[in-house]
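Here is the file model08.txt (compact mmCIF, C-alpha atoms).
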# COMPACT_ATOMS: atom_id res chain seq x y z
CA MET A 1365 124.91 78.88 107.54
CA LEU A 1366 121.31 80.09 107.43
CA GLY A 1367 120.13 81.77 110.60
CA VAL A 1368 116.39 81.64 111.27
CA LEU A 1369 115.02 84.40 113.49
CA GLY A 1370 111.91 82.56 114.51
CA GLY A 1371 109.43 82.05 117.32
CA MET A 1372 106.91 84.44 115.73
CA GLY A 1373 105.12 82.08 116.24
CA PRO A 1374 106.76 78.75 117.02
CA MET A 1375 104.39 76.70 114.84
CA ALA A 1376 105.09 78.97 111.87
CA THR A 1377 108.83 78.53 112.42
CA VAL A 1378 108.49 74.75 112.33
CA ASP A 1379 106.40 75.03 109.17
CA PHE A 1380 109.10 77.18 107.55
CA LEU A 1381 111.81 74.65 108.43
CA ALA A 1382 109.78 71.81 106.91
CA LYS A 1383 109.30 73.82 103.73
CA LEU A 1384 112.99 74.70 103.63
CA VAL A 1385 113.86 70.99 103.71
CA ARG A 1386 111.29 70.18 101.01
CA ALA A 1387 112.51 73.06 98.82
CA THR A 1388 116.12 71.87 98.89
CA PRO A 1389 117.09 69.51 96.06
CA ALA A 1390 119.01 66.91 98.04
CA GLY A 1391 120.01 63.29 97.73
CA ARG A 1392 121.57 62.97 101.18
CA ASP A 1393 121.73 64.76 104.52
CA GLN A 1394 124.87 66.64 103.54
CA ASP A 1395 123.11 68.34 100.61
CA HIS A 1396 120.83 70.32 102.91
CA ILE A 1397 121.47 73.85 104.19
CA PRO A 1398 123.23 74.16 107.57
CA THR A 1399 120.69 76.00 109.69
CA LEU A 1400 120.76 77.68 113.08
CA VAL A 1401 117.36 78.48 114.60
CA CYS A 1402 116.51 80.95 117.34
CA SER A 1403 112.89 80.48 118.37
CA ALA A 1404 112.68 83.79 120.22
CA VAL A 1405 109.21 83.48 121.71
CA ASP A 1406 109.94 86.41 124.05
CA ILE A 1407 109.64 88.90 121.17
CA PRO A 1408 106.58 91.10 121.82
CA ASP A 1409 103.65 90.95 119.43
CA ARG A 1410 104.56 92.70 116.19
CA ALA A 1411 101.04 93.67 115.12
CA ASP A 1412 100.25 95.18 118.51
CA ALA A 1413 103.40 97.31 118.30
CA ILE A 1414 102.50 98.65 114.85
CA LEU A 1415 98.98 99.43 116.02
CA GLY A 1416 100.32 101.25 119.08
CA THR A 1417 98.89 98.84 121.63
CA GLY A 1418 102.01 96.90 122.59
CA PRO A 1419 105.73 97.28 123.31
CA ASP A 1420 108.44 97.67 120.67
CA PRO A 1421 109.72 94.24 119.56
CA LEU A 1422 112.88 95.61 117.92
CA PRO A 1423 115.21 95.24 120.95
CA ALA A 1424 114.25 91.58 121.37
CA MET A 1425 114.61 90.93 117.64
CA ARG A 1426 118.06 92.57 117.67
CA ALA A 1427 119.08 90.37 120.62
CA ALA A 1428 117.96 87.23 118.76
CA LEU A 1429 119.77 88.38 115.62
CA ALA A 1430 122.94 88.89 117.67
CA ARG A 1431 122.69 85.32 118.98
CA LEU A 1432 122.40 83.99 115.44
CA GLU A 1433 125.34 86.08 114.29
CA ALA A 1434 127.46 84.89 117.23
CA GLY A 1435 126.48 81.31 116.39
CA GLY A 1436 127.97 81.54 112.91
CA ALA A 1437 125.00 82.43 110.71
CA THR A 1438 126.00 84.01 107.39
CA ARG A 1439 122.53 85.12 106.25
CA ILE A 1440 119.16 85.51 107.97
CA ALA A 1441 115.55 84.54 107.29
CA ILE A 1442 112.60 85.76 109.36
CA PRO A 1443 109.50 83.57 108.94
CA CYS A 1444 107.11 86.27 110.14
CA ASN A 1445 105.59 88.75 107.71
CA THR A 1446 104.74 91.46 110.25
CA ALA A 1447 108.28 91.43 111.65
CA HIS A 1448 109.50 92.74 108.30
CA HIS A 1449 108.22 96.16 109.32
CA TRP A 1450 111.57 96.31 111.15
CA HIS A 1451 113.60 94.77 108.31
CA ALA A 1452 115.49 97.98 107.52
CA ALA A 1453 116.30 98.63 111.18
CA LEU A 1454 117.56 95.07 111.65
CA GLN A 1455 119.55 95.17 108.42
CA ALA A 1456 121.19 98.43 109.48
CA GLY A 1457 122.56 96.71 112.58
CA THR A 1458 124.24 93.74 110.92
CA GLY A 1459 126.50 92.97 108.00
CA LEU A 1460 124.60 89.73 107.36
CA PRO A 1461 122.09 89.86 104.51
CA ILE A 1462 118.51 89.49 105.73
CA LEU A 1463 116.23 88.02 103.09
CA HIS A 1464 112.95 89.90 102.64
CA ILE A 1465 109.79 87.82 102.60
CA VAL A 1466 107.86 90.26 100.38
CA ASP A 1467 110.62 90.17 97.76
CA ALA A 1468 110.42 86.37 97.87
CA VAL A 1469 106.65 86.54 97.28
CA ALA A 1470 107.17 89.05 94.44
CA GLU A 1471 109.53 86.62 92.72
CA THR A 1472 107.00 83.82 93.12
CA LEU A 1473 104.27 86.00 91.63
CA ALA A 1474 106.52 86.90 88.71
CA ARG A 1475 107.20 83.22 88.00
CA THR A 1476 103.45 82.62 87.79
CA GLY A 1477 102.96 85.52 85.38
CA ILE A 1478 101.70 88.12 87.88
CA GLY A 1479 103.46 91.40 87.11
CA THR A 1480 102.49 94.90 86.01
CA GLY A 1481 98.72 95.22 86.13
CA GLY A 1482 98.29 92.22 88.40
CA ARG A 1483 95.96 92.29 91.41
CA ILE A 1484 96.52 90.24 94.51
CA GLY A 1485 94.51 89.79 97.67
CA LEU A 1486 96.17 89.83 101.07
CA LEU A 1487 95.40 87.69 104.10
CA ALA A 1488 97.55 89.25 106.81
CA THR A 1489 97.63 90.64 110.32
CA ASP A 1490 96.23 94.09 110.99
CA GLY A 1491 99.82 95.20 111.60
CA THR A 1492 101.09 93.99 108.24
CA LEU A 1493 98.26 95.80 106.49
CA ARG A 1494 98.74 99.00 108.51
CA ALA A 1495 102.48 98.99 107.80
CA GLY A 1496 101.85 98.67 104.05
CA LEU A 1497 104.56 96.05 103.68
CA TYR A 1498 103.09 94.38 100.62
CA ARG A 1499 101.29 97.35 99.13
CA GLU A 1500 104.38 99.54 98.96
CA ARG A 1501 106.86 96.88 97.87
CA LEU A 1502 104.66 95.27 95.23
CA ALA A 1503 103.61 98.65 93.83
CA LEU A 1504 107.21 99.04 92.66
CA ARG A 1505 106.53 96.03 90.41
CA GLY A 1506 103.19 97.34 89.18
CA VAL A 1507 101.16 94.91 91.27
CA ALA A 1508 98.11 96.21 93.17
CA CYS A 1509 97.01 94.81 96.53
CA ARG A 1510 93.50 94.38 97.90
CA ALA A 1511 92.81 93.76 101.58
CA PRO A 1512 89.53 92.56 103.07
CA GLY A 1513 87.06 95.18 104.30
CA PRO A 1514 86.88 95.96 108.03
CA GLU A 1515 84.45 93.18 108.98
CA ASP A 1516 86.21 90.60 106.86
CA GLN A 1517 89.60 91.67 108.23
CA ALA A 1518 88.24 91.18 111.73
CA ALA A 1519 87.51 87.57 110.73
CA VAL A 1520 91.08 87.16 109.41
CA ALA A 1521 92.50 88.56 112.66
CA ALA A 1522 90.28 86.22 114.67
CA ALA A 1523 91.50 83.27 112.60
CA ILE A 1524 95.13 84.21 113.25
CA ARG A 1525 94.46 84.37 116.99
CA LEU A 1526 92.86 80.93 116.78
CA MET A 1527 95.95 79.61 115.00
CA LYS A 1528 98.18 81.00 117.75
CA ALA A 1529 96.09 78.96 120.17
CA HIS A 1530 96.38 75.81 117.98
CA ARG A 1531 92.65 75.90 117.12
CA VAL A 1532 93.23 75.12 113.45
CA ALA A 1533 89.83 73.57 112.73
CA GLU A 1534 88.08 76.75 113.87
CA ALA A 1535 90.40 79.07 111.93
CA ARG A 1536 90.18 77.28 108.60
CA PRO A 1537 86.57 78.09 107.57
CA LEU A 1538 87.04 81.76 108.48
CA LEU A 1539 90.03 81.99 106.17
CA GLU A 1540 88.45 79.95 103.39
CA ALA A 1541 85.56 82.41 103.32
CA GLN A 1542 87.97 85.32 102.91
CA VAL A 1543 89.83 83.56 100.10
CA ARG A 1544 86.54 83.14 98.24
CA ALA A 1545 85.63 86.79 98.81
CA LEU A 1546 88.96 88.05 97.46
CA ALA A 1547 88.72 85.76 94.44
CA GLU A 1548 85.21 87.00 93.73
CA ALA A 1549 86.53 90.57 93.97
CA GLY A 1550 88.78 89.84 91.01
CA CYS A 1551 92.14 89.09 92.63
CA ASP A 1552 94.51 87.09 90.42
CA ARG A 1553 96.12 85.45 93.43
CA VAL A 1554 95.63 85.55 97.20
CA VAL A 1555 98.82 85.82 99.25
CA MET A 1556 98.84 84.10 102.62
CA ALA A 1557 100.84 86.94 104.15
CA CYS A 1558 100.88 85.67 107.71
CA THR A 1559 102.97 82.58 108.40
CA GLU A 1560 100.20 80.96 110.47
CA ILE A 1561 97.71 81.06 107.60
CA PRO A 1562 99.34 78.47 105.28
CA ILE A 1563 99.12 75.95 108.11
CA ALA A 1564 95.38 76.53 108.41
CA LEU A 1565 94.79 76.37 104.65
CA ALA A 1566 97.10 73.45 103.86
CA GLY A 1567 95.59 71.29 101.13
CA SER A 1568 92.69 73.64 100.41
CA ASP A 1569 93.88 75.20 97.15
CA PRO A 1570 93.17 72.88 94.20
CA SER A 1571 92.96 75.82 91.77
CA GLY A 1572 96.40 77.23 92.61
CA LEU A 1573 94.99 80.61 93.69
CA LEU A 1574 96.96 80.85 96.93
CA VAL A 1575 100.54 82.05 97.29
CA ASP A 1576 102.35 80.81 100.40
CA ALA A 1577 104.73 83.48 101.73
CA THR A 1578 106.43 80.91 103.97
CA GLU A 1579 107.18 78.64 101.03
CA ALA A 1580 108.36 81.60 98.94
CA LEU A 1581 110.83 82.54 101.67
CA ALA A 1582 112.06 78.95 101.93
CA ARG A 1583 112.74 78.82 98.19
CA ALA A 1584 114.51 82.19 98.33
CA CYS A 1585 116.74 80.78 101.07
CA VAL A 1586 117.68 77.82 98.89
CA ALA A 1587 118.46 80.15 96.00
CA ALA A 1588 120.62 82.34 98.27
CA CYS A 1589 122.40 79.53 100.13
CA ARG A 1590 122.65 77.08 97.24
CA PRO A 1591 122.83 79.29 94.14
CA ASP A 1592 123.83 76.28 92.02
CA ARG A 1593 120.52 74.62 92.98
CA GLY A 1594 118.15 77.56 93.09
CA ASP A 1595 116.62 76.79 89.69
CA ALA A 1596 115.99 73.21 90.76
CA ALA A 1597 114.27 74.43 93.92
CA ALA A 1598 112.00 76.73 91.91
CA ALA A 1599 111.00 73.79 89.73
CA LEU A 1600 109.94 71.62 92.67
CA PRO A 1601 106.20 71.17 93.15
CA ARG A 1602 104.50 73.27 95.78
CA ALA A 1603 103.89 71.67 99.16
CA ALA A 1604 100.48 70.09 99.50
Would it be possible to restate this file's structure as structure tokens?
Amino acid sequence: MLGVLGGMGPMATVDFLAKLVRATPAGRDQDHIPTLVCSAVDIPDRADAILGTGPDPLPAMRAALARLEAGGATRIAIPCNTAHHWHAALQAGTGLPILHIVDAVAETLARTGIGTGGRIGLLATDGTLRAGLYRERLALRGVACRAPGPEDQAAVAAAIRLMKAHRVAEARPLLEAQVRALAEAGCDRVVMACTEIPIALAGSDPSGLLVDATEALARACVAACRPDRGDAAAALPRAA
């Protein structure tokens, strides 16, 4: 059973679940992945914690993980990029494998031909950028990361706050402008490395420039939970 440590935020968790269903090759209900969801909205803000302006979210994440483990989960997915700053600490406290969202993105990039020498742009929270989650992990694969400059990153952060408040129409143009800027800076792909961002930019990528971290994680879950169907999941078209 897949355990989803969610609630960071709730809308992003729902988006992940929809993508998990779409990524699963299934002809009937019984072909889908048994899933237990904990929408732990009490977890403190992850970016604030990394930036030193908010409380540590690790105790609340550990409590949610324990509830999933007690409920019968056999592996864990966390549809929040910034929360993966605590991936190692969470993994150290459980015998259940916790899928890593950056590894899922790296596999997606590799399938599209982005490997050694590749350059990707990042749209992420200030906390994800400060923690170096993507930069450090993708560097091991020879992929370089580019983040927006300070003013542009402020616009990304503002867009994420708007998404948290369900103000999608206001967030979208801010993010679209940053996608264009990263593309013009020479990035091969732009990773939507905050799980709110793919919701805002849904349907706005006719050129295939964007990489959806939420969708990458969903496909990694199918490959892990249904290894006999993982190749079929990878072959499915991306969500519109």
Check which residues of region 1509-1570 of chain A sit at most 8 Å from region 1441-1456 of chain A using all atoms listed in the file, and return one row each with the closest pair of atoms and their distance in Å to one decimal, ordered by chain and rising number, as a Markdown table.
| residue | atom | partner | partner_atom | distance |
| --- | --- | --- | --- | --- |
| A:Ala1557 | CA | A:Asn1445 | CA | 6.2 |
| A:Cys1558 | CA | A:Asn1445 | CA | 5.6 |
| A:Thr1559 | CA | A:Cys1444 | CA | 5.8 |
Generate a file of the selected residues that holds C-alpha atoms, formatted as a tab-separated table (two decimals), in the coordinates of the input.
chain	number	residue	atom	x	y	z
A	1557	ALA	CA	100.84	86.94	104.15
A	1558	CYS	CA	100.88	85.67	107.71
A	1559	THR	CA	102.97	82.58	108.40
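For the residues A:Cys1589, A:Val1378, A:Ala1427, A:Ala1413, ranking by smallest atom-to-atom distance to His1396 (chain A) using all atoms listed in the file places A:Cys1589 first.
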When you look at region 1418-1421 of chain A with a cut-off of 10 Å (counting all atoms listed in the file), what residues show up, excluding the ones that are within fewer than 2 positions of it in the same chain? I need them as a VMD selection string.
chain A and resid 1406 to 1416 1423 to 1426 1447 1450
Let me see the file: selected residues, C-alpha atoms, as an mmCIF file, in the coordinates of the input.
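What follows is the written file result11.cif:
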data_model
loop_
_atom_site.group_PDB
_atom_site.id
_atom_site.type_symbol
_atom_site.label_atom_id
_atom_site.label_comp_id
_atom_site.auth_asym_id
_atom_site.auth_seq_id
_atom_site.Cartn_x
_atom_site.Cartn_y
_atom_site.Cartn_z
ATOM 1 C CA ASP A 1406 109.940 86.410 124.050
ATOM 2 C CA ILE A 1407 109.640 88.900 121.170
ATOM 3 C CA PRO A 1408 106.580 91.100 121.820
ATOM 4 C CA ASP A 1409 103.650 90.950 119.430
ATOM 5 C CA ARG A 1410 104.560 92.700 116.190
ATOM 6 C CA ALA A 1411 101.040 93.670 115.120
ATOM 7 C CA ASP A 1412 100.250 95.180 118.510
ATOM 8 C CA ALA A 1413 103.400 97.310 118.300
ATOM 9 C CA ILE A 1414 102.500 98.650 114.850
ATOM 10 C CA LEU A 1415 98.980 99.430 116.020
ATOM 11 C CA GLY A 1416 100.320 101.250 119.080
ATOM 12 C CA PRO A 1423 115.210 95.240 120.950
ATOM 13 C CA ALA A 1424 114.250 91.580 121.370
ATOM 14 C CA MET A 1425 114.610 90.930 117.640
ATOM 15 C CA ARG A 1426 118.060 92.570 117.670
ATOM 16 C CA ALA A 1447 108.280 91.430 111.650
ATOM 17 C CA TRP A 1450 111.570 96.310 111.150
#
Residue neighbourhood Ala1508 (chain A), 10 Å, all atoms listed in the file, exclusion window fewer than 6 positions, as a PyMOL selection string
chain A and resi 1479-1485+1498-1502+1551
Give me the residues near Pro1398 (chain A) as a ChimeraX atom specification, where near means some atom within 12 Å (using all atoms listed in the file) and where sequence neighbours in that chain fewer than 3 positions away do not count.
/A:1365-1368,1381,1384-1385,1388,1393-1395,1401,1435-1439,1585-1586,1589-1590
Long-range neighbours of Ala1404 (chain A) as a ChimeraX atom specification, 9 Å cut-off, all atoms listed in the file, 4 positions minimum in chain
/A:1369-1374,1424-1425,1428
Point (86.8, 72.6, 107.1) neighbourhood (12 Å, all atoms listed in the file) written as an NGL selection string:
:A and (1532-1541 or 1564-1568)
May I ask for the distance between CA of Ala1588 (chain A) and CA of Thr1377 (chain A), given in Å to one decimal place?
18.8 Å
Give me, as a ChimeraX atom specification, all polymer residues having an atom no more than 7 Å from Asp1576 (chain A), counting only C-alpha atoms and skipping those fewer than 6 positions away in the same chain.
/A:1555-1556,1562
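For the choices A:Glu1548, A:Asp1516, A:Glu1560, A:Glu1433, the atom-to-atom distance to Glu1579 (chain A) is smallest for A:Glu1560 when using only C-alpha atoms.
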Since the input has fewer atoms than a full residue there, write region 1532-1543 of chain A out with all heavy atoms, as a tab-separated table (two decimals), in the coordinates of the input.
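Written file, rebuild-v1.tsv:
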chain	number	residue	atom	x	y	z
A	1532	VAL	N	93.16	75.09	114.91
A	1532	VAL	CA	93.23	75.12	113.45
A	1532	VAL	C	91.87	74.88	112.81
A	1532	VAL	O	91.49	75.57	111.85
A	1532	VAL	CB	94.26	74.09	112.94
A	1532	VAL	CG1	94.33	74.11	111.41
A	1532	VAL	CG2	95.63	74.36	113.54
A	1533	ALA	N	91.12	73.92	113.33
A	1533	ALA	CA	89.83	73.57	112.73
A	1533	ALA	C	88.86	74.74	112.77
A	1533	ALA	O	87.99	74.87	111.88
A	1533	ALA	CB	89.24	72.36	113.44
A	1534	GLU	N	88.96	75.59	113.78
A	1534	GLU	CA	88.08	76.75	113.87
A	1534	GLU	C	88.55	77.88	112.95
A	1534	GLU	O	87.73	78.65	112.43
A	1534	GLU	CB	88.02	77.25	115.30
A	1534	GLU	CG	87.40	76.27	116.28
A	1534	GLU	CD	87.58	76.72	117.72
A	1534	GLU	OE1	86.96	77.74	118.10
A	1534	GLU	OE2	88.34	76.07	118.46
A	1535	ALA	N	89.85	77.99	112.75
A	1535	ALA	CA	90.40	79.07	111.93
A	1535	ALA	C	90.15	78.84	110.44
A	1535	ALA	O	89.91	79.78	109.69
A	1535	ALA	CB	91.90	79.21	112.19
A	1536	ARG	N	90.21	77.59	110.03
A	1536	ARG	CA	90.18	77.28	108.60
A	1536	ARG	C	88.95	77.83	107.86
A	1536	ARG	O	89.09	78.48	106.83
A	1536	ARG	CB	90.30	75.76	108.42
A	1536	ARG	CG	90.40	75.32	106.97
A	1536	ARG	CD	90.54	73.79	106.90
A	1536	ARG	NE	90.59	73.31	105.54
A	1536	ARG	CZ	91.66	72.75	104.97
A	1536	ARG	NH1	92.79	72.66	105.65
A	1536	ARG	NH2	91.62	72.32	103.74
A	1537	PRO	N	87.72	77.58	108.34
A	1537	PRO	CA	86.57	78.09	107.57
A	1537	PRO	C	86.52	79.62	107.51
A	1537	PRO	O	86.05	80.18	106.51
A	1537	PRO	CB	85.36	77.52	108.32
A	1537	PRO	CG	85.86	77.13	109.66
A	1537	PRO	CD	87.28	76.76	109.49
A	1538	LEU	N	86.99	80.29	108.53
A	1538	LEU	CA	87.04	81.76	108.48
A	1538	LEU	C	87.94	82.23	107.35
A	1538	LEU	O	87.59	83.16	106.60
A	1538	LEU	CB	87.56	82.31	109.82
A	1538	LEU	CG	86.70	82.07	111.06
A	1538	LEU	CD1	87.41	82.61	112.30
A	1538	LEU	CD2	85.33	82.71	110.91
A	1539	LEU	N	89.08	81.59	107.21
A	1539	LEU	CA	90.03	81.99	106.17
A	1539	LEU	C	89.56	81.57	104.79
A	1539	LEU	O	89.72	82.31	103.81
A	1539	LEU	CB	91.40	81.39	106.48
A	1539	LEU	CG	92.07	81.94	107.75
A	1539	LEU	CD1	93.25	81.08	108.15
A	1539	LEU	CD2	92.50	83.39	107.55
A	1540	GLU	N	88.97	80.40	104.69
A	1540	GLU	CA	88.45	79.95	103.39
A	1540	GLU	C	87.40	80.92	102.85
A	1540	GLU	O	87.35	81.21	101.65
A	1540	GLU	CB	87.87	78.54	103.52
A	1540	GLU	CG	88.93	77.46	103.70
A	1540	GLU	CD	88.34	76.09	103.92
A	1540	GLU	OE1	87.19	75.99	104.41
A	1540	GLU	OE2	89.02	75.09	103.61
A	1541	ALA	N	86.58	81.45	103.74
A	1541	ALA	CA	85.56	82.41	103.32
A	1541	ALA	C	86.20	83.67	102.77
A	1541	ALA	O	85.72	84.25	101.78
A	1541	ALA	CB	84.63	82.74	104.49
A	1542	GLN	N	87.30	84.09	103.37
A	1542	GLN	CA	87.97	85.32	102.91
A	1542	GLN	C	88.71	85.08	101.59
A	1542	GLN	O	88.79	85.99	100.75
A	1542	GLN	CB	88.92	85.83	103.98
A	1542	GLN	CG	88.24	86.22	105.28
A	1542	GLN	CD	87.02	87.09	105.05
A	1542	GLN	OE1	87.08	88.05	104.26
A	1542	GLN	NE2	85.91	86.77	105.70
A	1543	VAL	N	89.22	83.89	101.39
A	1543	VAL	CA	89.83	83.56	100.10
A	1543	VAL	C	88.78	83.66	99.00
A	1543	VAL	O	89.02	84.26	97.94
A	1543	VAL	CB	90.46	82.15	100.12
A	1543	VAL	CG1	90.91	81.74	98.72
A	1543	VAL	CG2	91.64	82.11	101.08
